[in-house]
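Asks: Handing you a structure now.
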Amino acid sequence: MALSRFFVLQVLHDGPAHGYDIARAVERTTNGCCSPSEGALYPTLREFEQGGYVTSESEVVSGRERKVYTLTDKGRDAFKVGLEAWMDATATLIETGRAAAARSKAKGNCRC
């Protein structure tokens with residue numbers, strides 16, 4: 001699962017939101033590393049809706065109609081699977097970094 005898509009699910013896992021709020025929450029969550037544009041976010045949300053991962057409901061806010069997206073049970077399951085996969089990948093990267101640092105340190109201390 002692409003990292004940006006994972007963060008969209010993560011935001012919706014926290015509660016229903018409309019597109020603008022989702023984009024800002026992803027940006028805040030990732031400290032600006034992932035900032036989905038409207039051109040990327042809304043096709044993702046449509047795909048999630050077509051796949052049964054989210055539902056949407058229109059509501060009027062300050063005279064403007066907005067879609068509010070809510071994670072379904074299928075979406076919650078997808079988030080959990082994605083979370084496990086990213087946690088495994090993160091653990092592997094951390095271990096790889098430690099091993100590389102140890103090799104580098106050992107190589108630097110060698111007086112061959």
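Following the order of the structure tokens, first chain is A, next is B, and so on, with residues numbered from 1 inside each chain and ligands from 1 in the order they appear.
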Residues near stretch 76-90 of chain A, anyone? I mean within 12 Å using only C-alpha atoms, not counting same-chain ones fewer than 5 positions away, as a list in words.
Replies: Met1, Ala2, Leu3, Ser4, Arg5, Phe6, Phe7, Val8, Leu9, Gln10, Val11, Leu12, His13, Asp14, Gly15, Phe48, Gly51, Gly52, Tyr53, Val54, Thr70, Leu71, Glu95, Thr96 and Gly97 of chain A
Asks: Just the alpha helix (DSSP H) stuff from chain A, please, per backbone DSSP, written as number ranges by chain.
Replies: A: 3-14, 19-29, 38-50, 73-108
Asks: Could you pull out all residues of stretch 3-61 of chain A with a DSSP call of strand (DSSP E or B) and give them as a list of chain:residue names?
Replies: A:Ala17, A:His18, A:Val54, A:Thr55, A:Ser56, A:Glu57, A:Ser58, A:Glu59, A:Val60, A:Val61
Asks: I'd like to know which of A:Val60, A:Ala100, A:Leu41, A:Ala106 is closest to A:Val26, using only C-alpha atoms.
Replies: A:Leu41
Asks: For each of A:Ala23, A:His18, A:Glu38, A:Cys33, take the minimum atom-to-atom distance to A:Thr55, counting only C-alpha atoms, then give the residue where this is smallest.
Replies: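 Comparing A:Ala23, A:His18, A:Glu38, A:Cys33 against A:Thr55, the winner is A:His18.
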